[in-house]
Amino acid sequence: QVQLVESGGGLVQAGGSLRLSCAASGRIFSFRVMGWYRQAPGKQRELVATITRDGSINYADSVKGRFTISRDNAKNTVYLRMNSLKPEDTAVYYCNALDYGPDYWGRGTQVTVSS
């Protein structure tokens with residue numbers, strides 16, 4: 001059974017940095033696409049960034065230049081380095097993994113940015 005487990009969230013002041021990690025277990029081969037989404041209170045879940053197995057990357061406009069996504073295919077792990085954090089980045093961050101069928105989600109990790 002595939003499980004995605006996020007870690008690295010927390011409370012940080014505006015302008016600070018955090019690094020999120022998401023490890024996938026229960027599977028030998030790396031996923032075609034892995035990514036991060038976030039959901040703020042009262043808002044819909046939105047894309048933050050995705051990265052394919054061969055390294056193609058897509059970012060939401062709101063995080064370009066501040067966030068960096070990366071992955072380690074051998075460890076089936078995806079990372080999100082978040083710099084210059086803003087209060088509007090406060091949300092629960094979810095890891096997502098996808099091949100060509102149903103996708104998988106982690107339970108989320110809270111990121112809170114204080115002003």
# chains A, B, ... in the order shown; residues from 1 in each chain; ligands from 1

$ residues_around --residues "A:Asp103" --least-positions-apart "6" --cutoff "10 Å" --atoms "only C-alpha atoms" --output "count of residues only"
5

$ residues_around --residues "A:Gly16" --least-positions-apart "3" --cutoff "12 Å" --atoms "only C-alpha atoms" --output "list in words"
Gly10, Leu11, Val12, Gln13, Arg19, Arg66, Phe67, Arg81, Met82, Asn83, Ser84, Leu85, Lys86, Pro87, Asp89, Val111, Thr112, Val113, Ser114 and Ser115 of chain A

$ closest_residue --among "A:Thr52, A:Ser25, A:Ser17, A:Asn58" --to "A:Gly106" --atoms "only C-alpha atoms"
A:Ser25

$ select_by_dssp --residues "stretch 22-83 of chain A" --states "strand (DSSP E or B)" --output "PyMOL selection string"
chain A and resi 22-25+33-39+46-52+57-59+67-72+77-82

$ closest_residue --among "A:Thr50, A:Gln3, A:Thr109, A:Thr90" --to "A:Arg71" --atoms "only C-alpha atoms"
A:Thr50

$ atom_distance --atom1 "atom CA of A:Glu88" --atom2 "atom CA of A:Arg107"
20.8 Å

$ closest_residue --among "A:Ile28, A:Ala49, A:Ala14, A:Cys95" --to "A:Gly65" --atoms "only C-alpha atoms"
A:Ala49

$ closest_residue --among "A:Tyr79, A:Asp99, A:Ser62, A:Gly8" --to "A:Arg27" --atoms "only C-alpha atoms"
A:Asp99

$ residues_around --residues "A:Ala24" --least-positions-apart "3" --cutoff "8 Å" --atoms "only C-alpha atoms" --output "JSON, numbers by chain"
{"A": [2, 3, 4, 5, 27, 76, 77]}

$ closest_residue --among "A:Ala23, A:Val78, A:Val63, A:Ile69" --to "A:Glu46" --atoms "only C-alpha atoms"
A:Val63

$ closest_residue --among "A:Tyr94, A:Ser21, A:Tyr100, A:Glu6" --to "A:Leu47" --atoms "only C-alpha atoms"
A:Tyr94

$ decode --residues "stretch 38-67 of chain A" --atoms "N, CA, C and O atoms" --output "compact mmCIF listing (two decimals), in the first residue's frame"
# COMPACT_ATOMS: atom_id res chain seq x y z
N ARG A 38 -1.23 23.18 -1.66
CA ARG A 38 -1.51 23.76 -0.35
C ARG A 38 -2.95 24.22 -0.28
O ARG A 38 -3.57 24.52 -1.29
N GLN A 39 -3.45 24.27 0.95
CA GLN A 39 -4.81 24.72 1.19
C GLN A 39 -4.83 25.61 2.41
O GLN A 39 -4.51 25.16 3.52
N ALA A 40 -5.19 26.86 2.19
CA ALA A 40 -5.33 27.82 3.28
C ALA A 40 -6.77 27.77 3.80
O ALA A 40 -7.68 27.34 3.09
N PRO A 41 -6.99 28.21 5.03
CA PRO A 41 -8.35 28.18 5.60
C PRO A 41 -9.34 28.94 4.72
O PRO A 41 -9.08 30.07 4.31
N GLY A 42 -10.46 28.29 4.40
CA GLY A 42 -11.49 28.92 3.61
C GLY A 42 -11.21 29.00 2.12
O GLY A 42 -11.99 29.59 1.38
N LYS A 43 -10.11 28.39 1.68
CA LYS A 43 -9.74 28.44 0.26
C LYS A 43 -9.63 27.02 -0.31
O LYS A 43 -9.51 26.05 0.41
N GLN A 44 -9.65 26.96 -1.63
CA GLN A 44 -9.49 25.67 -2.30
C GLN A 44 -8.02 25.26 -2.32
O GLN A 44 -7.11 26.10 -2.26
N ARG A 45 -7.81 23.98 -2.42
CA ARG A 45 -6.45 23.46 -2.56
C ARG A 45 -5.88 23.94 -3.89
O ARG A 45 -6.55 23.90 -4.92
N GLU A 46 -4.62 24.37 -3.87
CA GLU A 46 -4.00 24.91 -5.07
C GLU A 46 -2.63 24.30 -5.29
O GLU A 46 -1.94 23.90 -4.34
N LEU A 47 -2.24 24.27 -6.55
CA LEU A 47 -0.92 23.78 -6.92
C LEU A 47 0.16 24.72 -6.40
O LEU A 47 0.04 25.94 -6.51
N VAL A 48 1.24 24.14 -5.88
CA VAL A 48 2.42 24.91 -5.53
C VAL A 48 3.53 24.63 -6.55
O VAL A 48 4.06 25.55 -7.17
N ALA A 49 3.86 23.36 -6.71
CA ALA A 49 4.92 22.99 -7.66
C ALA A 49 4.84 21.50 -7.95
O ALA A 49 4.42 20.72 -7.10
N THR A 50 5.26 21.12 -9.15
CA THR A 50 5.37 19.71 -9.52
C THR A 50 6.70 19.47 -10.21
O THR A 50 7.29 20.38 -10.78
N ILE A 51 7.13 18.22 -10.14
CA ILE A 51 8.37 17.82 -10.80
C ILE A 51 8.20 16.42 -11.35
O ILE A 51 7.70 15.53 -10.65
N THR A 52 8.60 16.22 -12.59
CA THR A 52 8.48 14.90 -13.20
C THR A 52 9.72 14.06 -12.89
O THR A 52 10.73 14.57 -12.38
N ARG A 53 9.63 12.79 -13.23
CA ARG A 53 10.72 11.87 -12.98
C ARG A 53 11.99 12.33 -13.69
O ARG A 53 13.09 12.16 -13.17
N ASP A 54 11.87 12.94 -14.86
CA ASP A 54 13.05 13.38 -15.60
C ASP A 54 13.44 14.81 -15.30
O ASP A 54 14.33 15.37 -15.94
N GLY A 55 12.75 15.44 -14.31
CA GLY A 55 13.20 16.74 -13.82
C GLY A 55 12.48 17.96 -14.36
O GLY A 55 12.88 19.09 -14.05
N SER A 56 11.43 17.78 -15.14
CA SER A 56 10.66 18.94 -15.60
C SER A 56 9.86 19.52 -14.44
O SER A 56 9.21 18.78 -13.71
N ILE A 57 9.91 20.83 -14.30
CA ILE A 57 9.33 21.50 -13.13
C ILE A 57 8.30 22.55 -13.54
O ILE A 57 8.46 23.23 -14.55
N ASN A 58 7.28 22.65 -12.70
CA ASN A 58 6.24 23.66 -12.88
C ASN A 58 5.97 24.30 -11.53
O ASN A 58 5.82 23.60 -10.52
N TYR A 59 5.92 25.63 -11.50
CA TYR A 59 5.63 26.38 -10.28
C TYR A 59 4.39 27.24 -10.45
O TYR A 59 4.13 27.77 -11.53
N ALA A 60 3.66 27.43 -9.36
CA ALA A 60 2.64 28.46 -9.32
C ALA A 60 3.32 29.82 -9.39
O ALA A 60 4.42 30.00 -8.86
N ASP A 61 2.67 30.76 -10.05
CA ASP A 61 3.26 32.10 -10.19
C ASP A 61 3.57 32.72 -8.83
O ASP A 61 4.56 33.45 -8.68
N SER A 62 2.75 32.42 -7.83
CA SER A 62 2.90 33.05 -6.52
C SER A 62 4.15 32.62 -5.77
O SER A 62 4.55 33.28 -4.82
N VAL A 63 4.79 31.52 -6.21
CA VAL A 63 5.96 31.03 -5.49
C VAL A 63 7.23 31.05 -6.34
O VAL A 63 8.31 30.75 -5.83
N LYS A 64 7.10 31.41 -7.60
CA LYS A 64 8.28 31.44 -8.47
C LYS A 64 9.35 32.37 -7.91
O LYS A 64 9.05 33.49 -7.48
N GLY A 65 10.58 31.90 -7.93
CA GLY A 65 11.69 32.69 -7.42
C GLY A 65 11.90 32.57 -5.92
O GLY A 65 12.92 33.01 -5.39
N ARG A 66 10.95 31.97 -5.21
CA ARG A 66 11.06 31.82 -3.75
C ARG A 66 11.13 30.36 -3.32
O ARG A 66 11.81 30.02 -2.37
N PHE A 67 10.40 29.49 -4.03
CA PHE A 67 10.34 28.07 -3.68
C PHE A 67 11.12 27.26 -4.71
O PHE A 67 11.15 27.61 -5.89
